[in-house]
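Some notes on the structure that comes next.
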Amino acid sequence: MNSYLLSLAIWVPIIGAVPVLVLGSERRELVRWLALGVAIAGFVVTLPLYTGFDRQFVGMQFVEIAPWIPRFNVQYFLGVDGISVLFILLNAFVTILVIMAGWDVIEQKVAQYMAAFLIMSGLMNGIFASLDAVLFYVFFEASLIPMYIIIGVWGGPNRVYAAFKFFLYTLLGSLLMLVALLYLFLQAGGSFNLLEWHQLRLTMAPQILIFIAFLVAFAVKVPMWPVHTWLPDAHVEAPTGGSVVLAAIMLKLGAYGFVRISLPILPDASHYLAPMMIGLSLIAVVYIGFVALVQADMKKLIAYSSISHMGFVTLGFFIFNQLGIEGALVQMISHGFVSAAMFLCVGVMYDRMHSRQIADYGGVVNTMPKFAAFFMLFAMANSGLPATSGFVGEFMVILGAVKHNFWVGFAAATTLILGAAYTLWMYKRVVFGAVANDHVAGLTDIGWRETLILTLLAAAVLAMGIYPFPFTDIMHASVDNLLKHVAVSKL
Amino acid sequence: MKTLYLIIPFAPLVGAIVAGLFGKAIGRAGAHWVTIVGVAVSLVCSVLVMQDVLAGNTFNGTLYTWMEAGGLKLEIGFLVDRLTAVMMIVVTFVSLMVHIYTIGYMAEDPGYQRFFSYISLFTFSMLMLVMANNFLQLFFGWEAVGLVSYLLIGFWYTRPTAIYANLKAFLVNRVGDFGFLMGIGLIAAYAGSLDYATVFAKGNDLAALTETVTGWPLITAVCIGLFIGAMGKSAQFPLHVWLPDSMEGPTPISALIHAATMVTAGIFMVSRMSPLFELSDTALSFVIVIGAITALFMALIAIVQTDIKRVVAYSTLSQLGYMTAALGASAYSAAIFHLMTHAFFKAVLFLGAGSVIIAMHHEQDMRRMGGLRKYMPITYLTVLIGAIANAGLPPFAGFFSKDSIIEAVQLANIPGATFAYFALLAGVFVGGFYSFRLVFFAFHGKERFRHAGGHHGDHGDHGHGHHAEPHESPKVVTIPLILLAIPAIAAGWVIGPMLFGGYFGEAIFIGGNHHAIAHMQEEFHGVIPMILHGLTALPFWLAVSGAGTAWFLYIKRPDLPAVIKKKFATVAMILEEKYGFDRFNDWFLAGGARMVGRGLWKAGDQGLIDGIAVNGSAKTIGRFAGAVRLLQSGHIYQYAFSMILGLFVLMTLWLGRS
């Protein structure tokens, strides 16, 4: 069965970015519509991936394979399973939103801005679809460049520091990954095929070393404590669209690396180092939860909240039960919606007030009631309220964690209190209260474009909260297979 | 029949959505009609369901599969049995009354449509909670009612006290939910299901297990976890702190959410879980002690409050304590019975207080009231009925339920029951006192409202004349009061069938060695003998002497309270400070959390990680690069020299290797 759907998902946005660039920033209106068209086309081509997905089939689907660099046996090898398919859809969906979010806000270098997001979207689809290690690595590294440019060009006043910090942090991480990839290439007898690597026998010592090499690369991306400090800076300086993609998709790349590479290739090391991973995840949940509480800058607060929520993802992976892993995957998707929504909400206010400081706000509900209602919904989703998507993943991971070890579940469940505390306390200070100052008094409520974006996200958040079945159903076969695979020692 | 079950929760939901999203289009009248019709439909259907249930038809079925993972099937579904049916009637009836009352109470509020949308949404959530047939949906409803409560306490969002109170309520409830979730987690882990019937069937197996990591007896851990959830929602000591502050919300929701329905969710939940709680005497002891502490110590605070709503709020806390104590005594039916009668008489008290507040132009301080009975006779009469019922005097509803609880606790044979019995008895005296204090303080005595200004108001000012005579509230206010006062008088007379006629049947399970209700059943010979017996029993005389004391202090010698307060200044201060919980929580928990956060951020993130590791290594590299840069001088001869030097070194090493 030959299919070009994955290639389309990758290349439609990237090739579509070319005419956007060619048109140039002079014809802004045209460029915006073209970019939107490309983003929608990019989303439409991913839909058959969902509708045509065979839920019973365990292996890779929509596989494409062609030689790329025959000398090193590198292949253009694409395919998705129940673990990766949803991220491609999520990514394509979020791309539409960021194009719309940048509509009136970006006035400098519009074409380049739109093109950067389209290219990044294609590259990240490449990461989720790659089954060849070199291809994966190329996409993984290449996706850094547009984000670096987005922060560095359209970012805030301290953007250069943030962009550098972001770039160096992630680059340093991925260099170790390269070494690990080369080692595995040699061990596999000259193959970069990830599926073959899954079957590779490895003794404990190399497993642990390789695990740590991958860990550094992935932990930086997630980000896990203590290599998380680039994220708040990057978010604060990034333009709204940049923050949205960063939080919604880019953070998922590291987590995805764990399930696609670390767990199946290095099951023994994964089990051996699981207590450390669980420990780091819980630190992310609890420590970062406290840190989020005292942030004065809304974007920083949401950035820290992202780290805390991603702690649930890594926690879910390393408790090795189905509730945990599926919960983690659900949490990744939900976080894609919720963090995107939270950053967009801050963006809505920032566009009007040019401040992200909580102290500059107060009583926004008086002048922006419609916006306040949306923001309330997303704040509740961020606090993990049932019937929103934010609840589903956390609930599953907590159940899985209690099953694994009561105290792990106990520590993880503190998010119920901490998450609500930092989110709702911020909401209270920003939105509730009497009108705090003349700037707030002069705010105008959201227009139709912003309403549309937030409505789409609200629908996604509620749908996933009320009926998560379709989301988890598609994962079962693959997660089941992964768990069986990880349970078998490779020593 | 299934359609009927669906209509009951979803009719209010439709009303809520229409009023919430299209409030502007349909206008004020449209908003109250659509929601009232929704709730009325729900009430009618609930009555039909009650008839059906009484005919012996119960239902336990799935609506849809929410999710499935790791062998755990999570579903949304309904369990409709006798326990559910009582709750459905109570919820929809009180909700309908409150909806009607709101037309009058919120008449001038700009957030009229929003308010109706919220209370209908609440009705939906509460119905989903009581109709759940599994722990997942229970938790859904549990959190959803919490959300609506949060939105309604902060309804007047420009007031600092309101938005402080709603955040506090949400967070304190989250502490409870934390325990609740741990309980659910343990059930999922050990029973492999979250379906009530499946879990209850495995009860005895679970009781034999210990939690592997902690070594705790499993069933005790589960029950205490679940009960911590109940402590949050039903405001039990020490998680009671949010309920008095919730009075910042409009009065109709104080009646609906913070007295009649939502706060009783914990009581309902524990009754629903009776097959689990009956397996752990430790958990029951914990429950009875917490309940007794709440019953007595919250009642004591009520006697020093001067805000009319706060008196009722503390009285609610105390009554919730009685219900909880009943749960601990395995008298689940008595707890639900009291839940029901309390819903009626406490809704009367709150709505009556609201009626007074309207008449006083949003003055809530009883020190500026007095003598109101002349001006608002209907309100006076209904509040009086509520107060008598609350004090537990026969033949009003509260007598039957409260007396049953006290008797059940006396008969209970678990550790802590004796303490609970004396605490509840003392609480009866205090209850009689504060109930009648409210009546005498607000409705009798000197008219102190002549110079009352409406500053503490419920709505803020909207331009009423300050010196007008108070007058009776409009019909939309008084009719719900009257309709609620009727069951506040008469609802107790169903005690025979409800407690002792085996009404609850299968819905409630009582373990073999917990005999309280069975004993009482033997002693029970009908309503009239119970009243006659009650007249000679201790609780009656305690309540009467409480009422008498109130009469003496607030009618006969109104100068005395001030004297007593001066004499017992320390006691008064402790009570006025509410035992210091608020201060402690603000300082230690809220302040402490912020301090921890700041410490971790400054020392951990900024100091260690960024300061030393990240920027430190960047600086080190920078310094190293700076040193290396000195070598790159751009002078050819230096490069040539170093090349030659290097060559020599390498050659020496190479030659010297052999």
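In the structure tokens, chains take the letters A, B, ... in the order shown, each chain's residues start at 1, and ligands count up from 1 in the order shown.
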Quiz item: Near chain A, which residues of chain B fall within 8 Å when you count only C-alpha atoms, and what do they look like as JSON, numbers by chain?
Solution: {"B": [65, 66, 67, 68, 69, 70, 139, 140, 143, 144, 157, 158, 159, 160, 163, 167, 171, 174, 175, 177, 178, 181, 182, 185, 186, 188, 189, 190, 213, 214, 593, 594, 596, 597, 598, 600, 601, 605, 609, 610]}
Exercise. Please identify all polymer residues within 10 Å of B:Leu300, counting only C-alpha atoms, omitting same-chain residues fewer than 6 positions from it, and present them as a PyMOL selection string.
Key: chain B and resi 294+314-315+318+426-427+430-431+433-434+575-576+578
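Using only C-alpha atoms, the smallest distance between any of A:Ser84, A:Ile14, A:Asn158, A:Pro267 and A:Gln199 comes from A:Pro267.
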Self-check item: Who sits within 10 Å of A:Val98, only C-alpha atoms, same chain under 2 positions skipped, as a list in words
Solution: Leu36, Ala39, Phe93, Val94, Thr95, Ile96, Met100, Ala101, Gly102, Trp103, Met114, Phe117, Leu118, Thr240, Gly241, Gly242, Ser243, Val244, Val245, Ala340, Leu344 and Ile453 of chain A
The selected residues should be written to file as a PDB file, in the first residue's frame (atoms: C-alpha atoms).
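Result saved to out26.pdb:
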```pdb
ATOM      1  CA  LEU A  36      -4.155  30.900   5.571  1.00  0.00           C
ATOM      2  CA  ALA A  39      -2.387  26.264   6.375  1.00  0.00           C
ATOM      3  CA  PHE A  93      -4.676  22.523  13.313  1.00  0.00           C
ATOM      4  CA  VAL A  94      -2.540  24.790  15.454  1.00  0.00           C
ATOM      5  CA  THR A  95      -0.837  26.169  12.344  1.00  0.00           C
ATOM      6  CA  ILE A  96      -4.157  27.534  11.121  1.00  0.00           C
ATOM      7  CA  MET A 100      -4.979  33.724  12.096  1.00  0.00           C
ATOM      8  CA  ALA A 101      -3.549  34.977  15.363  1.00  0.00           C
ATOM      9  CA  GLY A 102      -0.808  36.896  13.565  1.00  0.00           C
ATOM     10  CA  TRP A 103      -3.272  38.491  11.145  1.00  0.00           C
ATOM     11  CA  MET A 114       3.855  33.552   7.833  1.00  0.00           C
ATOM     12  CA  PHE A 117       5.321  29.230  10.651  1.00  0.00           C
ATOM     13  CA  LEU A 118       4.353  27.239   7.575  1.00  0.00           C
ATOM     14  CA  THR A 240       2.198  35.220  20.555  1.00  0.00           C
ATOM     15  CA  GLY A 241       2.254  32.855  17.585  1.00  0.00           C
ATOM     16  CA  GLY A 242       5.730  31.711  18.525  1.00  0.00           C
ATOM     17  CA  SER A 243       4.650  30.946  22.065  1.00  0.00           C
ATOM     18  CA  VAL A 244       1.646  29.048  20.811  1.00  0.00           C
ATOM     19  CA  VAL A 245       3.668  26.783  18.545  1.00  0.00           C
ATOM     20  CA  ALA A 340      -2.196  27.466  22.879  1.00  0.00           C
ATOM     21  CA  LEU A 344      -3.507  33.381  22.770  1.00  0.00           C
ATOM     22  CA  ILE A 453      -9.850  31.398  17.039  1.00  0.00           C
TER      23      ILE A 453
END
```
Exercise. Considering only C-alpha atoms, return as a ChimeraX atom specification whatever protein or nucleic-acid residues lie within 8 Å of stretch 398-414 of chain B, sequence-local ones (same chain, fewer than 6 positions apart) excluded.
Key: /B:281,284-285,322-323,325-326,329-331,334-335,337-338,341-342,345,388-392,420-421,424-425,488,492-493,495,514-517,519-520,534,539
